[in-house]
file protein-v3.cif (mmCIF, C-alpha atoms (C1' of nucleotides))
data_my_file
loop_
_atom_site.label_atom_id
_atom_site.label_comp_id
_atom_site.auth_asym_id
_atom_site.auth_seq_id
_atom_site.Cartn_x
_atom_site.Cartn_y
_atom_site.Cartn_z
CA MET B 10 158.99 -234.62 -69.18
CA PRO B 11 158.22 -237.81 -70.97
CA GLU B 12 155.64 -239.92 -69.18
CA LEU B 13 153.81 -242.87 -70.70
CA PRO B 14 151.95 -240.95 -73.46
CA GLU B 15 155.12 -239.17 -74.58
CA VAL B 16 157.22 -242.35 -74.55
CA GLU B 17 154.54 -244.19 -76.52
CA THR B 18 154.56 -241.34 -79.05
CA VAL B 19 158.32 -241.70 -79.40
CA ARG B 20 157.97 -245.48 -79.79
CA VAL B 21 155.48 -245.12 -82.63
CA GLY B 22 157.75 -242.60 -84.35
CA LEU B 23 160.78 -244.86 -84.02
CA GLU B 24 158.85 -247.83 -85.41
CA LYS B 25 158.09 -245.78 -88.50
CA LEU B 26 161.60 -244.43 -88.99
CA VAL B 27 164.18 -246.98 -87.86
CA LYS B 28 162.50 -250.37 -87.54
CA GLY B 29 164.10 -252.91 -89.84
CA HIS B 30 167.25 -250.86 -90.26
CA THR B 31 170.76 -251.92 -89.33
CA ILE B 32 173.18 -250.13 -87.05
CA ILE B 33 176.46 -249.59 -88.89
CA SER B 34 178.29 -247.87 -86.03
CA VAL B 35 177.66 -245.80 -82.91
CA GLU B 36 179.35 -242.79 -81.34
CA VAL B 37 178.78 -241.71 -77.76
CA ARG B 38 179.81 -238.24 -76.64
CA TRP B 39 178.67 -238.54 -72.98
CA GLU B 40 179.55 -242.02 -71.81
CA ALA B 41 177.61 -241.93 -68.53
CA ILE B 42 174.44 -242.23 -70.61
CA VAL B 43 175.42 -245.71 -71.82
CA GLY B 44 177.54 -246.80 -68.85
CA MET B 45 180.55 -247.84 -70.94
CA SER B 46 183.05 -246.36 -73.37
CA SER B 47 181.93 -245.22 -76.79
CA ALA B 48 184.12 -247.93 -78.36
CA GLU B 49 182.58 -250.69 -76.24
CA PHE B 50 179.05 -249.50 -76.96
CA ASP B 51 179.82 -249.41 -80.67
CA HIS B 52 181.33 -252.89 -80.50
CA GLU B 53 178.17 -254.28 -78.86
CA LEU B 54 175.76 -252.69 -81.35
CA ALA B 55 177.48 -252.51 -84.75
CA GLY B 56 175.92 -254.90 -87.24
CA ARG B 57 172.68 -255.45 -85.36
CA THR B 58 169.30 -254.77 -86.91
CA ILE B 59 166.52 -252.96 -85.03
CA GLU B 60 163.76 -255.57 -85.23
CA LYS B 61 161.11 -253.71 -83.26
CA ILE B 62 160.65 -251.13 -80.54
CA GLU B 63 158.49 -251.99 -77.55
CA ARG B 64 157.57 -250.02 -74.44
CA ARG B 65 157.04 -250.93 -70.80
CA GLY B 66 156.00 -248.03 -68.57
CA LYS B 67 158.38 -245.20 -69.50
CA TYR B 68 161.07 -247.57 -70.83
CA LEU B 69 161.75 -248.05 -74.53
CA LEU B 70 162.91 -251.53 -75.49
CA PHE B 71 164.86 -251.71 -78.75
CA ARG B 72 164.74 -255.38 -79.76
CA LEU B 73 167.87 -256.04 -81.79
CA SER B 74 169.03 -258.97 -83.88
CA GLY B 75 171.20 -261.52 -82.10
CA GLY B 76 168.96 -261.59 -79.03
CA MET B 77 170.02 -258.27 -77.56
CA THR B 78 167.80 -255.50 -76.17
CA MET B 79 168.77 -251.88 -75.72
CA ILE B 80 166.69 -250.46 -72.88
CA SER B 81 166.39 -246.68 -73.12
CA HIS B 82 164.94 -244.34 -70.52
CA LEU B 83 164.50 -240.71 -71.58
CA ARG B 84 164.17 -239.39 -68.01
CA MET B 85 163.58 -235.65 -68.22
CA GLU B 86 164.56 -234.50 -71.67
CA GLY B 87 165.89 -237.38 -73.74
CA ALA B 88 164.73 -237.37 -77.36
CA TYR B 89 165.38 -239.33 -80.55
CA TYR B 90 165.32 -237.95 -84.05
CA THR B 91 166.64 -238.94 -87.43
CA VAL B 92 168.78 -236.91 -89.82
CA PRO B 93 170.51 -237.53 -93.15
CA THR B 94 173.68 -239.63 -92.94
CA GLY B 95 176.68 -237.58 -91.92
CA THR B 96 174.82 -234.70 -90.29
CA ALA B 97 176.99 -232.99 -87.67
CA PRO B 98 175.65 -233.41 -84.13
CA ALA B 99 174.52 -230.27 -82.33
CA LYS B 100 175.49 -229.29 -78.80
CA HIS B 101 173.32 -231.75 -76.85
CA ASP B 102 173.22 -234.61 -79.35
CA GLU B 103 175.03 -237.12 -77.14
CA VAL B 104 174.70 -240.37 -79.11
CA THR B 105 174.77 -241.00 -82.86
CA PHE B 106 173.54 -244.29 -84.29
CA HIS B 107 174.75 -244.50 -87.89
CA LEU B 108 172.07 -246.60 -89.61
CA ASP B 109 172.16 -248.05 -93.10
CA ASP B 110 170.13 -245.21 -94.64
CA ARG B 111 170.22 -242.34 -92.14
CA ASP B 112 171.52 -241.34 -88.72
CA LEU B 113 169.57 -241.58 -85.48
CA PHE B 114 170.48 -238.94 -82.90
CA TYR B 115 169.80 -239.14 -79.19
CA ARG B 116 169.59 -235.66 -77.68
CA ASP B 117 169.58 -235.07 -73.95
CA THR B 118 170.16 -231.54 -72.68
CA ARG B 119 170.47 -232.55 -69.06
CA LYS B 120 172.13 -235.92 -69.64
CA PHE B 121 169.74 -237.73 -67.26
CA GLY B 122 168.74 -240.40 -69.77
CA ARG B 123 170.21 -243.91 -69.68
CA MET B 124 170.70 -246.80 -72.13
CA VAL B 125 171.39 -250.34 -70.96
CA LEU B 126 172.25 -253.40 -73.06
CA VAL B 127 170.97 -256.81 -71.96
CA PRO B 128 170.23 -260.20 -73.49
CA ASP B 129 166.50 -260.28 -74.36
CA GLU B 130 165.66 -262.71 -71.60
CA LYS B 131 167.22 -260.43 -68.97
CA THR B 132 165.10 -257.41 -69.94
CA MET B 133 162.83 -257.54 -66.91
CA THR B 134 165.67 -258.08 -64.44
CA ILE B 135 167.25 -254.64 -64.63
CA ALA B 136 166.60 -252.12 -61.87
CA GLY B 137 163.38 -250.29 -62.53
CA LEU B 138 161.84 -253.00 -64.69
CA ALA B 139 162.26 -255.76 -62.12
CA LYS B 140 159.63 -254.25 -59.83
CA ILE B 141 157.52 -252.29 -62.32
CA GLY B 142 153.78 -252.24 -61.74
CA PRO B 143 150.99 -253.01 -64.23
CA GLU B 144 150.41 -250.92 -67.35
CA PRO B 145 147.48 -248.55 -66.87
CA THR B 146 144.98 -250.24 -69.17
CA ASP B 147 141.60 -251.82 -68.52
CA ASP B 148 142.97 -255.34 -68.86
CA THR B 149 146.16 -254.95 -66.82
CA LEU B 150 145.22 -252.53 -64.04
CA THR B 151 142.36 -254.13 -62.17
CA LEU B 152 140.39 -252.59 -59.34
CA GLU B 153 141.07 -255.68 -57.22
CA TYR B 154 144.81 -255.09 -57.62
CA MET B 155 144.49 -251.41 -56.71
CA VAL B 156 142.44 -252.13 -53.60
CA ALA B 157 145.05 -254.62 -52.37
CA GLU B 158 148.08 -252.52 -53.36
CA PHE B 159 146.83 -249.23 -51.92
CA ALA B 160 145.88 -250.92 -48.63
CA LYS B 161 149.52 -251.85 -48.01
CA THR B 162 150.84 -248.42 -47.06
CA LYS B 163 149.94 -245.05 -45.62
CA THR B 164 152.36 -243.29 -47.99
CA TYR B 165 150.95 -240.08 -49.42
CA ILE B 166 149.04 -240.77 -52.63
CA LYS B 167 151.23 -238.42 -54.70
CA PRO B 168 154.61 -240.15 -54.17
CA PHE B 169 152.77 -243.48 -54.17
CA LEU B 170 151.55 -242.87 -57.73
CA LEU B 171 154.95 -241.58 -58.86
CA ASP B 172 156.50 -244.86 -57.68
CA GLN B 173 156.56 -247.00 -60.83
CA SER B 174 156.34 -250.22 -58.81
CA HIS B 175 152.67 -249.61 -58.05
CA ILE B 176 151.43 -248.46 -61.47
CA ALA B 177 153.67 -247.98 -64.53
CA GLY B 178 153.87 -244.81 -66.58
CA LEU B 179 152.62 -241.95 -64.43
CA GLY B 180 154.81 -238.88 -63.83
CA ASN B 181 154.35 -235.53 -62.16
CA ILE B 182 151.97 -234.08 -64.74
CA TYR B 183 149.46 -236.91 -65.00
CA VAL B 184 149.49 -237.59 -61.26
CA ASP B 185 148.45 -233.99 -60.56
CA GLU B 186 145.84 -234.17 -63.31
CA THR B 187 144.23 -237.43 -62.24
CA LEU B 188 144.22 -236.49 -58.54
CA TRP B 189 142.41 -233.28 -59.43
CA GLN B 190 139.94 -235.16 -61.61
CA THR B 191 139.23 -237.62 -58.82
CA LYS B 192 139.15 -234.90 -56.11
CA ILE B 193 141.84 -236.51 -53.99
CA HIS B 194 144.28 -234.41 -51.93
CA PRO B 195 147.94 -235.17 -52.82
CA LEU B 196 148.74 -235.82 -49.15
CA GLN B 197 145.94 -238.35 -48.67
CA PRO B 198 147.43 -241.61 -47.35
CA ALA B 199 147.11 -244.37 -49.96
CA ASN B 200 145.43 -246.77 -47.53
CA SER B 201 142.77 -244.25 -46.53
CA ILE B 202 141.08 -244.05 -49.94
CA SER B 203 137.75 -245.84 -50.33
CA LYS B 204 137.16 -248.55 -52.91
CA ARG B 205 134.64 -246.33 -54.66
CA LYS B 206 137.23 -243.55 -54.91
CA LEU B 207 139.88 -245.99 -56.14
CA GLY B 208 137.47 -247.06 -58.85
CA GLU B 209 137.16 -243.44 -59.98
CA LEU B 210 140.92 -242.93 -59.81
CA ARG B 211 141.49 -246.06 -61.90
CA ARG B 212 139.03 -244.88 -64.53
CA ASN B 213 140.64 -241.43 -64.68
CA ILE B 214 144.22 -242.77 -64.90
CA ILE B 215 143.39 -245.18 -67.72
CA ASP B 216 141.31 -242.63 -69.65
CA GLU B 217 143.69 -239.69 -69.14
CA LEU B 218 146.75 -241.56 -70.38
CA ALA B 219 144.84 -242.93 -73.36
CA ARG B 220 143.55 -239.46 -74.21
CA ALA B 221 147.03 -237.90 -73.85
CA THR B 222 148.53 -240.64 -76.03
CA LYS B 223 145.93 -239.88 -78.69
CA HIS B 224 147.08 -236.23 -78.60
CA HIS B 225 150.74 -237.39 -78.99
CA GLY B 226 151.51 -236.41 -75.40
CA THR B 227 152.24 -233.18 -73.64
CA THR B 228 154.88 -230.71 -74.80
CA VAL B 229 156.40 -228.81 -71.90
CA HIS B 230 159.82 -227.28 -71.46
CA SER B 231 162.10 -228.73 -74.11
CA PHE B 232 160.29 -231.99 -74.73
CA THR B 233 159.18 -232.68 -78.25
CA ASN B 234 158.95 -236.05 -79.87
CA ALA B 235 161.38 -234.73 -82.49
CA PHE B 236 159.46 -236.24 -85.37
CA GLY B 237 157.96 -232.97 -86.45
CA GLN B 238 154.88 -233.72 -84.42
CA ALA B 239 154.83 -231.85 -81.14
CA GLY B 240 152.31 -233.12 -78.63
CA GLN B 241 149.17 -231.08 -78.13
CA PHE B 242 147.96 -232.32 -74.77
CA GLN B 243 149.39 -229.36 -72.82
CA ASN B 244 146.30 -227.50 -74.00
CA GLU B 245 144.16 -230.04 -72.15
CA LEU B 246 145.88 -229.84 -68.76
CA GLN B 247 143.66 -228.67 -65.91
CA VAL B 248 146.08 -228.16 -63.02
CA TYR B 249 149.71 -228.75 -64.02
CA GLY B 250 151.40 -225.39 -64.68
CA ARG B 251 148.26 -223.47 -63.70
CA VAL B 252 149.13 -222.30 -60.17
CA ASN B 253 147.09 -219.25 -59.10
CA GLN B 254 144.71 -219.73 -62.02
CA PRO B 255 141.08 -220.58 -61.22
CA CYS B 256 140.08 -224.20 -60.78
CA GLU B 257 138.04 -225.16 -63.86
CA ARG B 258 135.42 -226.75 -61.60
CA CYS B 259 134.95 -224.25 -58.78
CA GLY B 260 136.95 -221.13 -59.63
CA THR B 261 139.17 -221.29 -56.55
CA PRO B 262 142.78 -220.29 -57.33
CA LEU B 263 144.98 -223.38 -57.64
CA VAL B 264 147.72 -223.83 -55.04
CA LYS B 265 151.25 -225.19 -55.45
CA ILE B 266 153.08 -227.05 -52.72
CA LYS B 267 156.04 -229.42 -52.43
CA VAL B 268 155.27 -233.09 -51.85
CA ALA B 269 158.25 -235.42 -51.62
CA GLN B 270 160.42 -232.81 -53.37
CA ARG B 271 157.98 -232.56 -56.28
CA GLY B 272 156.07 -229.48 -57.32
CA THR B 273 152.40 -230.29 -56.80
CA THR B 274 149.47 -228.21 -58.02
CA TYR B 275 145.95 -228.82 -56.73
CA CYS B 276 142.64 -227.17 -55.87
CA PRO B 277 142.36 -226.48 -52.13
CA LYS B 278 138.57 -226.52 -52.31
CA CYS B 279 137.93 -229.59 -54.48
CA GLN B 280 140.76 -231.70 -53.11
CA VAL B 281 140.24 -231.82 -49.37
CA LEU B 282 142.31 -233.99 -47.06
CA LYS B 283 139.96 -236.60 -45.60
CA PRO B 284 140.44 -237.60 -41.96
CA VAL B 285 142.11 -240.98 -41.50
CA LYS B 286 140.08 -243.47 -39.51
"C1'" DC L 2 162.08 -252.99 -45.02
"C1'" DG L 3 160.06 -248.70 -45.91
"C1'" DA L 4 160.50 -243.70 -45.87
"C1'" DG L 5 163.16 -239.78 -46.78
"C1'" DC L 6 166.83 -237.49 -48.93
"C1'" DC L 7 170.68 -236.65 -52.24
"C1'" DC L 8 172.44 -236.71 -56.69
"C1'" DC L 9 172.81 -236.72 -61.53
"C1'" DC L 10 172.55 -232.20 -65.19
"C1'" DT L 11 171.54 -227.68 -67.88
"C1'" DG L 12 168.85 -223.74 -69.14
"C1'" DG L 13 165.64 -220.43 -67.91
"C1'" DG L 14 163.94 -217.27 -64.66
"C1'" DT L 15 164.51 -213.98 -60.81
"C1'" DG L 16 166.53 -210.76 -57.59
"C1'" DC L 17 170.02 -207.48 -56.66
"C1'" DT Y 8 174.35 -206.09 -68.09
"C1'" DG Y 9 176.07 -209.50 -65.15
"C1'" DC Y 10 176.24 -212.57 -61.57
"C1'" DA Y 11 174.55 -215.66 -57.98
"C1'" DC Y 12 171.11 -218.40 -56.96
"C1'" DC Y 13 166.95 -221.30 -57.41
"C1'" DC Y 14 163.97 -224.35 -59.80
"C1'" DA Y 15 162.35 -227.99 -63.02
"C1'" DG Y 16 162.23 -233.47 -61.95
"C1'" DG Y 17 162.68 -239.61 -62.91
"C1'" DG Y 18 164.65 -242.76 -60.56
"C1'" DG Y 19 168.86 -245.14 -58.55
"C1'" DG Y 20 171.11 -245.51 -54.44
"C1'" DC Y 21 172.13 -244.32 -49.96
"C1'" DT Y 22 171.06 -243.79 -44.88
"C1'" DC Y 23 168.37 -244.24 -40.85
#

call {"tool": "encode", "arguments": {"input": "protein-v3.cif", "output": "structure tokens"}}
result
Amino acid sequence: MPELPEVETVRVGLEKLVKGHTIISVEVRWEAIVGMSSAEFDHELAGRTIEKIERRGKYLLFRLSGGMTMISHLRMEGAYYTVPTGTAPAKHDEVTFHLDDRDLFYRDTRKFGRMVLVPDEKTMTIAGLAKIGPEPTDDTLTLEYMVAEFAKTKTYIKPFLLDQSHIAGLGNIYVDETLWQTKIHPLQPANSISKRKLGELRRNIIDELARATKHHGTTVHSFTNAFGQAGQFQNELQVYGRVNQPCERCGTPLVKIKVAQRGTTYCPKCQVLKPVK
DNA sequence: CGAGCCCCCTGGGTGC
DNA sequence: TGCACCCAGGGGGCTC
């Protein structure tokens, strides 16, 4: 599932392949993805040039000529890839962007992904982006912010970190990984974590996402970046997908539970629930 | 207003 | 072999 490192990998690939190219026409075969008819979507986009592709959290921002932005969220399995002009779409290729020199396909097996068109200046007003938290980098995610933000609620740390309004870009995989690294139990209330521990968590989140991005992200299930460059970070994961396997720190078999409807893998010995004062 | 739950989807895996 | 069922899960939107 694309989280920040995977989306960034897609962004870099798109910049190489479609930046500077013009959209001739568009066909949509599953209209819920774009929220309008195929004809309307085509009408809005035909003739515009893709000036650059930016990213905020897990959102891709296609900056188009004429002051329009196409916001694209891949959700679970969305993927972009380019093919020679006129290539027939396969079963789950739901959107075709006919560009001036090739076609850009959007594939989405489970049809969860969404594309939204807005004037550039309205980009940060759409649901999801309006309340998005800081990017997990040294400059943008400060310890002072984390201390204040985490103190606001006793929500379990796991769903707290999955909520993009607190910190942008984390998903199920990297939350499990960074909680394991920091030795925090997934059910620990956010406001019960010490400043020292938050400092460690911050360091691990920033470093883990940077490291995963460097490896072109994690390839699980059907996700690939579709640019002939599958991510390699799945080989680096220490808890996700490793239920019943020994903890790499202490050897205890990893346990899997449900937290807020999400599969959650952790080490019952390293990640102990601390009493709340 | 925050927390919890449902829903959107399909393919892969499992049990009978 | 086939069928019914469950699970994977980001995030919008709903209810309480």

call {"tool": "atom_distance", "arguments": {"input": "protein-v3.cif", "atom1": "CA of Thr273 (chain B)", "atom2": "CA of Glu12 (chain B)"}}
result
16.0 Å

call {"tool": "residues_around", "arguments": {"input": "protein-v3.cif", "residues": "region 278-284 of chain B", "least_positions_apart": "2", "cutoff": "12 Å", "atoms": "all atoms listed in the file", "output": "ChimeraX atom specification"}}
result
/B:165-166,185-203,206,248,255-264,274-276,286

call {"tool": "atom_distance", "arguments": {"input": "protein-v3.cif", "atom1": "CA of Gly22 (chain B)", "atom2": "CA of His225 (chain B)"}}
result
10.2 Å

call {"tool": "interface_residues", "arguments": {"input": "protein-v3.cif", "of": "chain L", "to": "chain B", "cutoff": "8 Å", "atoms": "only C-alpha atoms (C1' of nucleotides)", "output": "PDB file with C-alpha atoms (C1' of nucleotides), in the frame of the given file"}}
result
ATOM      1  C1'  DC L   9     172.810-236.720 -61.530  1.00  0.00           C
ATOM      2  C1'  DC L  10     172.550-232.200 -65.190  1.00  0.00           C
ATOM      3  C1'  DT L  11     171.540-227.680 -67.880  1.00  0.00           C
TER       4       DT L  11
END

call {"tool": "closest_atom_pairs", "arguments": {"input": "protein-v3.cif", "of": "chain Y", "to": "chain B", "cutoff": "8 Å", "atoms": "all atoms listed in the file", "output": "CSV"}}
result
residue,atom,partner,partner_atom,distance
Y:DG16,C1',B:Met85,CA,6.8
Y:DG17,C1',B:Arg84,CA,5.3
Y:DG18,C1',B:Gly137,CA,7.9

call {"tool": "atom_distance", "arguments": {"input": "protein-v3.cif", "atom1": "CA of Lys28 (chain B)", "atom2": "CA of Ile62 (chain B)"}}
result
7.3 Å
